[in-house]
Structure formats: structure tokens, C-alpha cells
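Only one structure is covered here, and it is reproduced in the block below.
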Number of protein chains: 2
Amino acid sequence: MATDWKVGRIAIVGVGLIGGSLARALKAADAVAEVVGVGRNELNLQRAHELGVIDRFATDIETGVDGADIVVIATPVGTMRELCARIGPVLGSDSVVTDVGSVKRAPAEAARAALGDSFARFVPGHPVAGTEKSGVEASFAELYRQRTVILTPESETDPAAVRLITDMWYVTGARVTTMSIGEHDRILATTSHLPHMLAFALVDFVAGSKDADAHFELAAGGFYDFTRIASSDPVMWRDISLANADELGAKLRQFADHLQQVTRAVEGGDGEWLQRAFGNARRARTDALAQREHCDSEK
Amino acid sequence: MATDWKVGRIAIVGVGLIGGSLARALKAADAVAEVVGVGRNELNLQRAHELGVIDRFATDIETGVDGADIVVIATPVGTMRELCARIGPVLGSDSVVTDVGSVKRAPAEAARAALGDSFARFVPGHPVAGTEKSGVEASFAELYRQRTVILTPESETDPAAVRLITDMWYVTGARVTTMSIGEHDRILATTSHLPHMLAFALVDFVAGSKDADAHFELAAGGFYDFTRIASSDPVMWRDISLANADELGAKLRQFADHLQQVTRAVEGGDGEWLQRAFGNARRARTDALAQREHCDSEK
């Protein structure tokens, strides 16, 4: 971890849970001289300032990113095209831009189109962390500790820019891994986007029952754990679903086929099949958790 | 709560998480003179005895239930028919039998067939509580505190027997509600059995990916919360799925239709539909949780 890493000015576009937590972590480590919050909602920025998350703010993006060593775009992925188009012309020649989107292809394409030559200084990023809460009030400095941040540099990406963003995330306590955009969007479609669709769909399904109140009342803790992610921000998830529609659509269809096998086993009374499938799931999850804890303890 | 409630002997058939936690709660409240553990696995019963969960044990069910005021059947629901057939002939004329199965129709029918006239003293029950862990080692006295226990008495069921089992559960700190078997199995199919199928199926789906390790490694906390229930006991869930196959099969098919709508919206780029669906889900879950906490605080 680069404990003596320090940067001058960071502009955070979108000061919510993700952007706010990054700002808090960098400030807690005394790793940044000034954090500028940028956004359209002045009340939110004032609140972030009151909370000490940012040092000053701008509602005008051109003003906000001026002179920033690092610009972090932490808004829903659907805003990338417009934001990059505005940032491109005013971006300092040494500034590095990164984002935190849960999808990487569409934002990177938007950035490439808008940033021109500066695209070499755009480092697509995704901290695999979060809670179902949103907004700066929910932000906290420890959000990224022992979590994984994925960077997906393209062939044009300047290695020095990747190094800078890697070091920034190290300061927050995260581990950083790099992979291709294609691999990222394919894997996250399964491990994150698909479960979110299932959770949202299940709550909607229950809410649409004719005695929905009785259903929610009789639901056990498992149901509320299962659907925790259905309390995530709807706009953010609309944008993610649409930005990764190809991969997510394919995974939804494959999962539907898998679920149909389960349905057939239930209806056909195939206890052997069910027990084997449930047992495989339990074993796989237990092994994955053990591996995860092993890695955490080695940090 | 019946704080001065006390019973002489309780036989618990199947001393695992559910049976063991009930025993612990009753003992902690000094509400039972003797708890007899009954099961096939003598090592498990010895362990339960060492842990102080039971006072003595029997591997022979006829011996185990002899002289018990209450017999609690806490084994996977697939065992009900055989157990009731063995309990029926030796059941004391004042003994009351209850179970804890997550499905109610099939166990109640098994009990009706096996118990004959004694079926009037069988109170079908379901504590809507649990963790993904199993076994007596995982049991704890507080498991049922502020949780709901559903009783589904039939027309033949003796009201005094229902009263006895209600009071027993009150001692554990649970709230007790009654409903019909049909309503129970229909609602729980949606709020419990369906989410378990989705969680098991999702973990199996991920485990079947060609780079499953990378998937599990990159999964965020949300994934592990979502799939916590996939670590539940495979035999227990095989039995539940089969015992509630009609309701569960119907819900699986309805949910698949609902998921297909989501898939079409994702693939068709219908952001408006997705945002509305996700927003509805978030609102419904938030409201349900608020209602739940309100009820808890009123206890």
C-alpha cells in the first residue's frame, strides 16, 4: 500500500455513497490536498461540505474539474457520454480521469468518443463495493477496505495513469486487479447484475400478490437478506441494465433455462436431482466464502 | 407472554438448529422439567447432551416419546409419515404432538393418516426463523425471539392442544399466528421456498461458469447476502420442495414469466419500465421493513 501517496486536487463528479466514501477515505489517509465536489444538486453538495466530505464544490462541471489532478466520475453510467463531452475540452493536459461504473464497455466507448486524445488518460474503474444505501449521508471511509477495485485499461491507456489510479485505490485499503472490459462485463453480469434483477423481480413479484402485506409480514430474515440489493438506487440500476444489456440479457436467458430445470425437478418429484443441485450450491458457496476469508486474512 | 408456563417432559425428535434452539429457549426460561432428545444419530445426541441442550436421549423413538407431554417433530418434512406411524401407537392419551416443518399440507396429511384419533392432538406448526446453518452446534436460545410462529390447526384439532403449543412458543419470545394450511403453503411458497430455489439456482449457475473461481472472487457482499440461504441444508430443502411441489411449481412458473418481462425490458432498452419496476421494489421493501420494525418495537 502506498501510504505516502499524496495528490493535489481531486474532483469528484457525483458525491454520493461511492464518490463520498472515496473522498472520505483519501482525506482520512491525508492523501489529498483538496477535494472538489461537482454535481447538479447544490443542496447535496452543501450537505457533503458540511459533513467534511469535500472541501469546496461547483455545480458547473467545467469549473469543478479545472486544475484537478484526478477527475473521478461517480454518477450513474447513463450520464457518461454527456459528462465526458463537457469534461473533454477543459481537461488539463496532465489530468487523469477515472470512473466507478458497474459496467465498463459503454462508459469507455462514451469516453473514447468524447475525450479524443485525452482518452489515453481515462482509466475505466469499478470498485466492487457498496451498500444498498445511496447518497453522501451513507458514505463512509472504510467502504473499500479489503474490497476489490477492477481497472479495465484499454490498449491506448497510459500506464502512468493506470499507476496513479491504482495507487489512489490502494490508499483506501482496496486491492486492485485489472482485466479486459469484455471479461469485466461478462463476469459482473452474472455475479452482480443478474442477482440485482432477481432481487428486484422477486420483491415486485411479492408486492404484486393479492395479499402482499401478509406475504411481507410472514417473510423471514432470509427473504430480507435475499432482497437487500433490491433497495439499491433504481436510476443507477436502470443505467447498468441498459449499458450491459447484451451480456445481462444473455445471462437472464441462461438463468431462466437453469431455473426451468429446477422447476421440472420440483414438479417431477426428482428429489435426487434437487438434493444434488442444492448440495452443489451449498458446497460452492462455502468454498468461495472460505477462499474469500483466507484472502482477507492474508492482507 | 406466559412467563409462568411450565411443562413436565418434552421429547424433541431431531435435535438440530430448530429443535435444539427450542430446547435451549425452554430451558433458559425454566419452562420444562425434562427435555428428551430423540434421533438416529447417537453421536449428535451425545453432543446435544454435552451442550446441555437435552437432559437425556433415546435412539429408539418409541422409548423417546414415552410419557412426553409434548412431542416436537423437528426433522426434515420427508420423514413425517414414517415418524408419525411409529409415534401413533405409543402416544400417551394426553400427549400433544407438533412439528416445525416449512410446509404444512403434506406433513399434516401424513399425521392424519398415521395418528388416527390422536390427530386431534397434532398441532401443525412452523417457526418462521432459522439461519443458513444447521445442526445442534448452531442452535441458540434466542432464535425465536420476535420471530413469527405459524400454527395451522385443522377442523379436528383440539383447541386445548393449540393453546398448549401456542404457550410453548410464547415462552421462546415468538409471536404466534394461526392460518389455514392452504394459505400457509401458498404464501410461504412465495416468501421462502421460491427465494431458496433462486439462491440455490444462482450459486449453481455461477459454479457452472467456465471460470467459476474468478466469478466467486469478484462477487461483492451483495452476492453473498443474496445467496446466504443457498447454504441451507440440501436434504431439508429437497423435502420442502417436494412436499410443496404444486404451490412452488406454480410460483416458479409465475416468477419465470415475471423475469421474462424484465429480460424483454433489458433487451428492448425500456429504461422507463426498468426504473419503475426497480423503484416499486425498493419502495415495497422499504415499507415492509419499516412495518416490521414498527411491530418489533411494539413488542
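A note on labels: chains of the C-alpha cells are A, B, ... as shown, every chain counts residues from 1, and ligands are counted from 1 in their shown order.
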Each chain A residue no farther than 6 Å from chain B, nearest pair in Å, only C-alpha atoms, as JSON lines:
```
{"residue": "A:Val128", "atom": "CA", "partner": "B:Ala220", "partner_atom": "CA", "distance": 5.8}
{"residue": "A:Ile187", "atom": "CA", "partner": "B:His215", "partner_atom": "CA", "distance": 5.9}
{"residue": "A:Thr191", "atom": "CA", "partner": "B:Ala219", "partner_atom": "CA", "distance": 5.4}
{"residue": "A:Phe200", "atom": "CA", "partner": "B:Ala281", "partner_atom": "CA", "distance": 5.5}
{"residue": "A:Val203", "atom": "CA", "partner": "B:Ala281", "partner_atom": "CA", "distance": 5.2}
{"residue": "A:Asp204", "atom": "CA", "partner": "B:Ala281", "partner_atom": "CA", "distance": 5.1}
{"residue": "A:His215", "atom": "CA", "partner": "B:Ile187", "partner_atom": "CA", "distance": 5.9}
{"residue": "A:Ala219", "atom": "CA", "partner": "B:Thr191", "partner_atom": "CA", "distance": 5.4}
{"residue": "A:Ala220", "atom": "CA", "partner": "B:Val128", "partner_atom": "CA", "distance": 5.8}
{"residue": "A:Asp225", "atom": "CA", "partner": "B:Asp225", "partner_atom": "CA", "distance": 5.7}
{"residue": "A:Phe226", "atom": "CA", "partner": "B:Phe226", "partner_atom": "CA", "distance": 4.1}
{"residue": "A:Ala230", "atom": "CA", "partner": "B:Arg282", "partner_atom": "CA", "distance": 5.6}
{"residue": "A:Ser231", "atom": "CA", "partner": "B:Arg282", "partner_atom": "CA", "distance": 4.4}
{"residue": "A:Pro234", "atom": "CA", "partner": "B:Phe278", "partner_atom": "CA", "distance": 5.1}
{"residue": "A:Val235", "atom": "CA", "partner": "B:Gln275", "partner_atom": "CA", "distance": 6.0}
{"residue": "A:Arg238", "atom": "CA", "partner": "B:Gln275", "partner_atom": "CA", "distance": 5.4}
{"residue": "A:Leu242", "atom": "CA", "partner": "B:Gly269", "partner_atom": "CA", "distance": 5.8}
{"residue": "A:Ala245", "atom": "CA", "partner": "B:Val266", "partner_atom": "CA", "distance": 5.6}
{"residue": "A:Gly249", "atom": "CA", "partner": "B:Thr263", "partner_atom": "CA", "distance": 5.8}
{"residue": "A:Thr263", "atom": "CA", "partner": "B:Gly249", "partner_atom": "CA", "distance": 5.8}
{"residue": "A:Val266", "atom": "CA", "partner": "B:Ala245", "partner_atom": "CA", "distance": 5.6}
{"residue": "A:Glu267", "atom": "CA", "partner": "B:Ala245", "partner_atom": "CA", "distance": 5.6}
{"residue": "A:Gly269", "atom": "CA", "partner": "B:Leu242", "partner_atom": "CA", "distance": 5.8}
{"residue": "A:Gly271", "atom": "CA", "partner": "B:Arg238", "partner_atom": "CA", "distance": 5.9}
{"residue": "A:Leu274", "atom": "CA", "partner": "B:Arg238", "partner_atom": "CA", "distance": 5.7}
{"residue": "A:Gln275", "atom": "CA", "partner": "B:Pro234", "partner_atom": "CA", "distance": 5.3}
{"residue": "A:Phe278", "atom": "CA", "partner": "B:Pro234", "partner_atom": "CA", "distance": 5.0}
{"residue": "A:Gly279", "atom": "CA", "partner": "B:Pro234", "partner_atom": "CA", "distance": 5.3}
{"residue": "A:Ala281", "atom": "CA", "partner": "B:Asp204", "partner_atom": "CA", "distance": 5.1}
{"residue": "A:Arg282", "atom": "CA", "partner": "B:Ser231", "partner_atom": "CA", "distance": 4.3}
```
If you keep N, CA and C atoms, can you produce a file of those selected residues as a compact mmCIF listing (two decimals), in the first residue's frame?
```txt
# COMPACT_ATOMS: atom_id res chain seq x y z
N VAL A 128 -15.70 -2.82 -6.55
CA VAL A 128 -16.76 -3.81 -6.30
C VAL A 128 -17.12 -3.73 -4.82
N ILE A 187 -18.41 -11.17 -16.51
CA ILE A 187 -18.43 -11.73 -15.16
C ILE A 187 -19.41 -10.98 -14.26
N THR A 191 -22.41 -12.10 -11.60
CA THR A 191 -22.24 -12.03 -10.14
C THR A 191 -22.94 -10.83 -9.51
N PHE A 200 -34.81 -7.51 -7.42
CA PHE A 200 -35.85 -6.54 -7.79
C PHE A 200 -37.11 -7.29 -8.23
N VAL A 203 -39.07 -8.98 -5.30
CA VAL A 203 -39.85 -8.06 -4.47
C VAL A 203 -41.08 -7.57 -5.24
N ASP A 204 -40.88 -7.25 -6.52
CA ASP A 204 -42.02 -6.84 -7.35
C ASP A 204 -43.06 -7.95 -7.42
N HIS A 215 -47.80 -11.45 2.92
CA HIS A 215 -46.56 -12.05 2.43
C HIS A 215 -45.35 -11.40 3.10
N ALA A 219 -42.56 -13.04 5.86
CA ALA A 219 -41.24 -13.33 5.30
C ALA A 219 -40.20 -13.38 6.41
N ALA A 220 -39.30 -14.34 6.32
CA ALA A 220 -38.27 -14.49 7.35
C ALA A 220 -37.06 -13.62 7.01
N ASP A 225 -32.61 -10.58 3.66
CA ASP A 225 -31.21 -10.64 3.21
C ASP A 225 -31.15 -10.79 1.70
N PHE A 226 -31.97 -11.71 1.22
CA PHE A 226 -32.00 -12.05 -0.19
C PHE A 226 -32.32 -10.81 -1.03
N ALA A 230 -32.32 -5.21 -3.53
CA ALA A 230 -33.47 -4.60 -4.21
C ALA A 230 -33.77 -3.21 -3.65
N SER A 231 -33.07 -2.81 -2.60
CA SER A 231 -33.22 -1.45 -2.09
C SER A 231 -32.20 -0.51 -2.72
N PRO A 234 -32.74 2.89 -8.06
CA PRO A 234 -33.38 2.46 -9.32
C PRO A 234 -32.78 3.10 -10.58
N VAL A 235 -32.36 4.35 -10.49
CA VAL A 235 -31.79 5.01 -11.68
C VAL A 235 -30.43 4.41 -12.00
N ARG A 238 -31.14 1.06 -13.49
CA ARG A 238 -31.67 1.19 -14.86
C ARG A 238 -30.50 1.38 -15.82
N LEU A 242 -29.22 -1.26 -18.81
CA LEU A 242 -29.24 -0.87 -20.22
C LEU A 242 -27.82 -0.86 -20.81
N ALA A 245 -26.78 -4.47 -21.52
CA ALA A 245 -27.97 -5.22 -21.95
C ALA A 245 -27.62 -6.53 -22.66
N GLY A 249 -28.82 -9.65 -20.74
CA GLY A 249 -29.92 -10.35 -21.39
C GLY A 249 -29.58 -11.83 -21.59
N THR A 263 -37.53 -26.19 -11.86
CA THR A 263 -38.98 -26.31 -11.87
C THR A 263 -39.43 -27.71 -12.27
N VAL A 266 -38.78 -30.11 -9.43
CA VAL A 266 -39.77 -29.93 -8.36
C VAL A 266 -41.08 -30.60 -8.78
N GLU A 267 -41.54 -30.26 -9.98
CA GLU A 267 -42.84 -30.77 -10.42
C GLU A 267 -42.79 -32.26 -10.72
N GLY A 269 -40.95 -34.34 -9.07
CA GLY A 269 -40.62 -35.08 -7.85
C GLY A 269 -39.23 -35.71 -7.87
N GLY A 271 -36.28 -35.85 -6.40
CA GLY A 271 -35.57 -35.50 -5.17
C GLY A 271 -34.06 -35.65 -5.27
N LEU A 274 -32.68 -32.61 -7.08
CA LEU A 274 -32.75 -31.42 -6.24
C LEU A 274 -31.69 -31.46 -5.14
N GLN A 275 -31.58 -32.59 -4.47
CA GLN A 275 -30.62 -32.69 -3.38
C GLN A 275 -29.19 -32.46 -3.90
N PHE A 278 -28.84 -28.67 -4.76
CA PHE A 278 -28.76 -27.85 -3.54
C PHE A 278 -27.42 -28.09 -2.83
N GLY A 279 -27.00 -29.35 -2.80
CA GLY A 279 -25.73 -29.70 -2.16
C GLY A 279 -24.55 -29.06 -2.88
N ALA A 281 -24.64 -26.32 -4.60
CA ALA A 281 -24.70 -24.88 -4.32
C ALA A 281 -24.11 -24.60 -2.94
N ARG A 282 -24.52 -25.38 -1.96
CA ARG A 282 -24.01 -25.13 -0.61
C ARG A 282 -22.49 -25.28 -0.57
```
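Here chain B has been superposed onto chain A using all C-alpha atoms in order, and the two differ by 0.0 Å RMSD.
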Which of range 147-193 of chain B DSSP labels alpha helix (DSSP H), written as a PyMOL selection string: chain B and resi 159-171+181-188
